[in-house]
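Structure file query35.cif; described as mmCIF, C-alpha atoms.
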```cif
data_final
#
loop_
_atom_site.label_atom_id
_atom_site.label_comp_id
_atom_site.auth_asym_id
_atom_site.auth_seq_id
_atom_site.Cartn_x
_atom_site.Cartn_y
_atom_site.Cartn_z
CA MET A 15 -0.90 3.51 -5.58
CA ILE A 16 1.07 6.21 -7.34
CA MET A 17 4.65 7.13 -8.07
CA VAL A 18 5.51 10.79 -7.96
CA SER A 19 8.55 12.92 -8.57
CA TYR A 20 9.30 16.28 -7.01
CA LYS A 21 11.44 19.38 -7.14
CA ALA A 22 12.45 20.86 -3.79
CA ASN A 23 10.78 24.12 -2.84
CA SER A 24 13.87 25.93 -1.53
CA SER A 25 16.59 28.33 -2.68
CA GLU A 26 18.93 25.41 -3.39
CA ALA A 27 16.44 23.20 -5.03
CA ASN A 28 16.76 22.87 -8.68
CA LYS A 29 16.66 19.13 -8.07
CA ASP A 30 14.01 16.74 -9.31
CA LEU A 31 12.64 14.47 -6.62
CA SER A 32 10.45 11.50 -7.01
CA LEU A 33 7.96 9.90 -4.69
CA HIS A 34 6.42 6.58 -5.31
CA ALA A 35 3.15 5.23 -4.07
CA ALA A 36 2.21 2.66 -6.65
CA TRP A 37 0.55 -0.76 -6.24
CA TYR A 38 2.42 -3.95 -7.21
CA PHE A 39 3.28 -7.59 -6.30
CA LYS A 40 5.78 -10.07 -4.68
CA VAL A 41 7.10 -13.46 -3.40
CA CYS A 42 8.57 -14.14 0.08
CA VAL A 43 12.14 -14.72 1.22
CA PRO A 44 12.30 -15.02 5.02
CA SER A 45 15.63 -13.79 6.36
CA TYR A 46 17.68 -13.85 9.51
CA LEU A 47 19.75 -10.85 10.58
CA SER A 48 22.88 -10.73 12.67
CA HIS A 49 23.23 -8.47 15.72
CA ASP A 50 24.49 -5.63 13.49
CA GLY A 51 21.48 -5.88 11.19
CA SER A 52 23.23 -7.51 8.24
CA PRO A 53 21.61 -10.54 6.58
CA THR A 54 23.13 -13.86 7.57
CA LYS A 55 20.78 -16.39 6.06
CA ALA A 56 17.82 -16.43 3.69
CA ILE A 57 15.41 -19.27 3.01
CA GLU A 58 13.13 -18.88 0.04
CA VAL A 59 9.46 -19.64 0.60
CA LYS A 60 8.19 -21.51 -2.44
CA LEU A 61 5.02 -19.84 -3.66
CA PHE A 62 5.30 -21.02 -7.24
CA SER A 63 1.70 -22.21 -7.41
CA VAL A 64 0.58 -18.68 -6.62
CA THR A 65 3.21 -16.57 -8.31
CA CYS A 66 4.70 -18.47 -11.23
CA GLU A 67 1.80 -20.09 -13.06
CA TYR A 68 1.11 -18.27 -16.31
CA ILE A 69 -2.37 -17.17 -17.38
CA LYS A 70 -2.73 -15.50 -20.78
CA GLY A 71 1.04 -15.03 -20.91
CA GLU A 72 1.27 -13.40 -17.46
CA LYS A 73 2.16 -14.72 -14.03
CA GLN A 74 -1.16 -15.36 -12.33
CA PHE A 75 0.06 -13.32 -9.33
CA TYR A 76 0.16 -10.18 -11.49
CA TYR A 77 -2.83 -11.16 -13.62
CA ARG A 78 -5.08 -11.53 -10.58
CA ALA A 79 -3.98 -8.15 -9.23
CA GLN A 80 -4.72 -6.50 -12.59
CA GLN A 81 -8.17 -8.05 -12.59
CA TYR A 82 -8.83 -7.06 -8.98
CA TYR A 83 -7.93 -3.39 -9.44
CA GLU A 84 -9.88 -3.20 -12.70
CA ASP A 85 -13.07 -2.95 -10.62
CA VAL A 86 -11.71 -0.94 -7.67
CA PRO A 87 -13.05 2.65 -7.68
CA ALA A 88 -10.50 5.45 -7.81
CA SER A 89 -11.45 6.82 -4.38
CA GLU A 90 -10.30 6.72 -0.78
CA GLU A 91 -12.95 4.10 -0.10
CA GLY A 92 -11.61 1.98 -2.94
CA MET A 93 -8.03 2.28 -1.76
CA MET A 94 -8.56 1.90 1.99
CA GLY A 95 -11.43 -0.60 2.05
CA ASP A 96 -12.67 -1.19 5.60
CA PHE A 97 -9.97 1.03 7.10
CA LEU A 98 -10.93 4.43 5.73
CA GLU A 99 -10.33 5.98 9.16
CA VAL A 100 -6.56 5.56 8.81
CA SER A 101 -6.47 7.63 5.62
CA ASN A 102 -6.36 11.02 7.38
CA VAL A 103 -3.62 9.84 9.75
CA ASP A 104 -1.54 8.65 6.83
CA LEU A 105 -2.19 11.73 4.68
CA GLU A 106 -1.37 14.22 7.45
CA ALA A 107 2.24 13.08 7.65
CA SER A 108 2.61 12.59 3.91
CA CYS A 109 1.19 16.01 3.06
CA GLN A 110 3.61 17.76 5.41
CA PHE A 111 6.45 16.01 3.63
CA LEU A 112 5.13 16.71 0.13
CA LYS A 113 4.74 20.43 0.76
CA LYS A 114 8.51 20.66 0.44
CA PHE A 115 8.28 19.87 -3.26
CA VAL A 116 6.82 21.60 -6.31
CA LYS A 117 7.25 19.01 -9.07
CA MET A 118 6.11 15.40 -9.14
CA GLU A 119 5.84 12.36 -11.34
CA MET A 120 3.29 9.63 -10.76
CA VAL A 121 3.17 5.98 -11.74
CA ASP A 122 0.31 3.50 -11.54
CA MET A 123 -0.64 0.38 -13.46
CA LYS A 124 -4.27 1.55 -13.87
CA GLU A 125 -5.09 4.47 -16.16
CA HIS A 126 -8.35 5.28 -14.37
CA PHE A 127 -6.44 5.79 -11.09
CA LEU A 128 -4.11 8.29 -12.79
CA LEU A 129 -7.00 10.09 -14.50
CA HIS A 130 -8.95 10.39 -11.25
CA ALA A 131 -5.86 11.69 -9.45
CA HIS A 132 -5.32 14.34 -12.13
CA GLU A 133 -8.91 15.39 -12.70
CA VAL A 134 -10.41 15.08 -9.21
CA TYR A 135 -8.31 13.98 -6.25
CA LEU A 136 -5.29 16.29 -6.54
CA GLY A 137 -7.31 19.44 -7.21
CA ASP A 138 -5.02 22.45 -7.65
CA ASP A 139 -2.01 20.29 -6.87
CA ALA A 140 -2.47 18.51 -10.21
CA ASP A 141 -0.40 21.30 -11.77
CA ARG A 142 2.58 19.99 -9.80
CA ILE A 143 2.51 16.68 -11.68
CA GLU A 144 5.11 16.83 -14.41
CA THR A 145 4.62 13.33 -15.87
CA TYR A 146 2.16 10.46 -15.48
CA TYR A 147 3.42 6.93 -16.20
CA CYS A 148 0.93 4.08 -16.70
CA TYR A 149 3.16 1.07 -16.04
CA ASN A 150 3.47 -1.99 -13.86
CA LEU A 151 6.48 -1.48 -11.59
CA GLN A 152 7.99 -4.78 -12.62
CA GLU A 153 8.20 -3.32 -16.15
CA PHE A 154 9.02 0.30 -15.28
CA THR A 155 12.50 1.81 -15.50
CA PRO A 156 12.69 5.34 -14.05
CA PRO A 157 15.02 7.86 -15.73
CA LYS A 158 18.61 7.73 -14.49
CA ASN A 159 20.11 10.31 -12.12
CA LYS A 160 16.87 12.30 -11.89
CA TYR A 161 15.31 11.99 -8.44
CA ASP A 162 16.21 13.08 -4.93
CA VAL A 163 13.41 11.05 -3.36
CA ILE A 164 11.59 7.94 -4.53
CA TRP A 165 8.55 7.14 -2.40
CA MET A 166 6.94 3.68 -2.66
CA GLN A 167 3.82 3.33 -0.54
CA TRP A 168 1.69 0.18 -0.39
CA VAL A 169 3.19 -1.17 -3.60
CA ALA A 170 6.13 -3.39 -2.62
CA CYS A 171 3.56 -5.97 -1.50
CA HIS A 172 2.51 -6.38 -5.14
CA LEU A 173 5.95 -7.37 -6.48
CA THR A 174 7.63 -10.75 -6.34
CA ASP A 175 10.92 -10.80 -4.44
CA LYS A 176 12.91 -10.98 -7.68
CA ASP A 177 10.99 -8.13 -9.30
CA LEU A 178 11.19 -5.98 -6.16
CA ILE A 179 14.96 -6.46 -5.93
CA ASN A 180 15.37 -5.57 -9.60
CA PHE A 181 13.09 -2.56 -9.31
CA LEU A 182 15.04 -1.24 -6.30
CA ILE A 183 18.26 -1.65 -8.28
CA ARG A 184 16.75 0.44 -11.10
CA CYS A 185 15.53 3.03 -8.60
CA LYS A 186 19.00 3.31 -7.11
CA LYS A 187 20.34 4.20 -10.56
CA SER A 188 17.66 6.89 -10.92
CA LEU A 189 18.71 8.79 -7.77
CA CYS A 190 20.66 12.02 -7.75
CA VAL A 191 23.65 12.39 -5.44
CA ASN A 192 22.44 12.01 -1.83
CA GLY A 193 19.04 10.81 -3.07
CA VAL A 194 16.96 8.38 -1.01
CA ILE A 195 14.32 5.69 -1.54
CA ILE A 196 11.50 5.30 0.98
CA ILE A 197 9.26 2.24 1.27
CA LYS A 198 6.08 2.56 3.35
CA ASP A 199 4.11 -0.67 3.47
CA ASN A 200 2.29 -3.29 5.52
CA MET A 201 4.71 -5.61 7.30
CA ALA A 202 3.55 -9.02 8.50
CA ARG A 203 3.93 -9.76 12.22
CA GLN A 204 5.77 -12.94 11.27
CA GLY A 205 6.80 -14.60 8.05
CA CYS A 206 4.71 -13.64 5.03
CA THR A 207 0.97 -13.14 4.67
CA LEU A 208 -0.63 -13.83 1.29
CA ASP A 209 -3.83 -12.02 0.28
CA HIS A 210 -5.52 -14.03 -2.47
CA ILE A 211 -8.09 -11.29 -3.10
CA ASP A 212 -5.82 -8.48 -4.31
CA SER A 213 -2.86 -10.80 -5.02
CA SER A 214 -0.36 -9.31 -2.60
CA ILE A 215 2.05 -10.57 0.03
CA SER A 216 2.97 -8.71 3.21
CA ARG A 217 6.47 -9.49 4.46
CA HIS A 218 7.95 -9.33 7.94
CA LEU A 219 10.20 -6.31 8.43
CA ASP A 220 13.33 -8.49 8.53
CA ILE A 221 12.38 -10.10 5.23
CA MET A 222 11.97 -6.67 3.63
CA LYS A 223 15.36 -5.62 5.00
CA ASN A 224 16.97 -8.68 3.44
CA ILE A 225 15.49 -7.79 0.04
CA ILE A 226 16.82 -4.24 0.39
CA TYR A 227 20.31 -5.54 1.21
CA LYS A 228 20.16 -7.86 -1.81
CA ALA A 229 19.44 -4.84 -4.00
CA GLY A 230 22.72 -3.31 -2.81
CA LEU A 231 21.09 -0.56 -0.75
CA GLU A 232 21.99 0.78 2.68
CA ILE A 233 19.20 1.26 5.23
CA LEU A 234 19.26 4.74 6.77
CA ALA A 235 16.23 4.70 9.08
CA VAL A 236 13.28 2.50 10.06
CA GLU A 237 10.14 3.78 11.78
CA ARG A 238 6.68 2.38 12.48
CA GLN A 239 3.64 4.46 11.49
CA LYS A 240 1.91 5.78 14.60
CA GLY A 241 -1.80 6.29 15.11
CA PHE A 242 -3.09 3.26 13.20
CA PRO A 243 -5.49 0.80 14.89
CA GLU A 244 -3.77 -2.24 16.39
CA VAL A 245 -6.21 -4.52 14.55
CA ILE A 246 -4.58 -3.77 11.21
CA MET A 247 -1.21 -5.02 10.04
CA PRO A 248 1.73 -2.85 11.20
CA VAL A 249 2.88 -0.25 8.67
CA TRP A 250 6.59 0.56 8.60
CA MET A 251 8.67 3.18 6.78
CA ILE A 252 12.20 2.34 5.61
CA ALA A 253 14.59 4.94 4.17
CA MET A 254 17.54 3.70 2.12
CA LYS A 255 20.19 4.80 -0.34
#
```

Could you spell out this file's structure in structure tokens?
Amino acid sequence: MIMVSYKANSSEANKDLSLHAAWYFKVCVPSYLSHDGSPTKAIEVKLFSVTCEYIKGEKQFYYRAQQYYEDVPASEEGMMGDFLEVSNVDLEASCQFLKKFVKMEMVDMKEHFLLHAHEVYLGDDADRIETYYCYNLQEFTPPKNKYDVIWMQWVACHLTDKDLINFLIRCKKSLCVNGVIIIKDNMARQGCTLDHIDSSISRHLDIMKNIIYKAGLEILAVERQKGFPEVIMPVWMIAMK
């Protein structure tokens, strides 16, 4: 939903950090991992009819997402849909993490989401936002060597495999020494799950790992979000560098 960048709130921290929680779009590449977790085989799932047809000069996958979010209200109800009850569980953990930082940058493809965040949702914390970027992630290049943390929440599902790999490569170049990238997103229980309504694809955890490896990143930790209803798709967090 948003991308944000931070500065650590500590005696050592004159470092810019960035957290990303934007919304974007993807294609599937199922993968198979060896016993040590490294990718051994990848078979591309052909979703060209969904992702590669062009409408008004854009891939219909991205075009449909743009159209969908044009009418989505900039509110918790708009973001969470029928699962508003998980918002507090998600925010509790995120807020504890974000308290460590005093400066942020945010990215979203919809201007009205950024305006609502600045004028309403963030309240007094809006002063911590250093820069707002209104970009699609597939077109966004973050500044090099700037961030200690890049946080991408519920956005990887809106990028094609190729665009996600390329975006992760650009994010890697934007990290400071010892910086990390964190993806928090829905992960399909098997294979890939396409949502025609918001034009997104949820990947199995192993598929996401394969994409991360292809971007030249090392996975540091993987953890499933606790406290969410079993009826919804599992949400996993992956830290990488």

Practice task
Give me the result of the PyMOL selection byres ((chain A and resi 180) around 12) on this file, residue by residue, as a count of residues only.
Solution key: 28

What are the centre and the three edge lengths of an axis-aligned box that wraps all atoms of stretch 240-251 of chain A in the file, given that 3 Å is added to every side, written as lines of an AutoDock Vina configuration file and rounded to one decimal in Å?
```
center_x = 1.2
center_y = 0.6
center_z = 11.6
size_x = 20.9
size_y = 17.3
size_z = 15.6
```

Practice task
Determine, counting all atoms listed in the file, which protein, DNA and RNA residues have an atom within 6 Å of an atom of stretch 129-142 of chain A; residues of the same chain fewer than 6 positions away are not included. Present the result as a ChimeraX atom specification.
Solution key: /A:116-118

Problem - Interatomic distance (Å, one decimal) between atom CA of A:Trp168 and atom CA of A:Phe127 - result: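 Taking atom CA of A:Trp168 as the start and atom CA of A:Phe127 as the end point, the length is 14.6 Å.
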
Suppose a student applies the PyMOL selection byres ((chain A and resi 200) around 8) to this structure; what residues should they get, written as a CSV table (one decimal) with C-alpha atoms, in the frame of the given file?
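Okay, this is what ended up in part26.csv:
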```csv
chain,number,residue,atom,x,y,z
A,168,TRP,CA,1.7,0.2,-0.4
A,171,CYS,CA,3.6,-6.0,-1.5
A,198,LYS,CA,6.1,2.6,3.4
A,199,ASP,CA,4.1,-0.7,3.5
A,201,MET,CA,4.7,-5.6,7.3
A,202,ALA,CA,3.6,-9.0,8.5
A,216,SER,CA,3.0,-8.7,3.2
A,217,ARG,CA,6.5,-9.5,4.5
A,247,MET,CA,-1.2,-5.0,10.0
A,248,PRO,CA,1.7,-2.8,11.2
A,249,VAL,CA,2.9,-0.2,8.7
A,250,TRP,CA,6.6,0.6,8.6
```

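The result of the PyMOL selection byres ((chain A and resi 190) around 7) on the shown file is Asn159, Lys160, Tyr161, Asp162, Ser188, Leu189, Val191, Asn192 and Gly193 of chain A.
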
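Relative to atom CA of A:Arg78, atom CA of A:Asp212 is found at 7.0 Å.
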
Exercise for the section: Enter the distance from atom CA of A:Glu84 to atom CA of A:Cys148, in Å, rounded to one decimal. Expected result: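 Calculated distance between atom CA of A:Glu84 and atom CA of A:Cys148 is 13.6 Å.
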
Exercise for the section: Go through A:Lys255, A:Phe75, A:His218, A:Glu244 one by one, measure the shortest atom-to-atom distance of each to A:Glu232 using all atoms listed in the file, and give the residue with the smallest value. Expected result: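 Distance minimum relative to A:Glu232 lands on A:Lys255.
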
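Using only C-alpha atoms, the nearest neighbour of A:Phe115 within the list A:Ile143, A:Val169, A:Ile233, A:Leu128 is A:Ile143.
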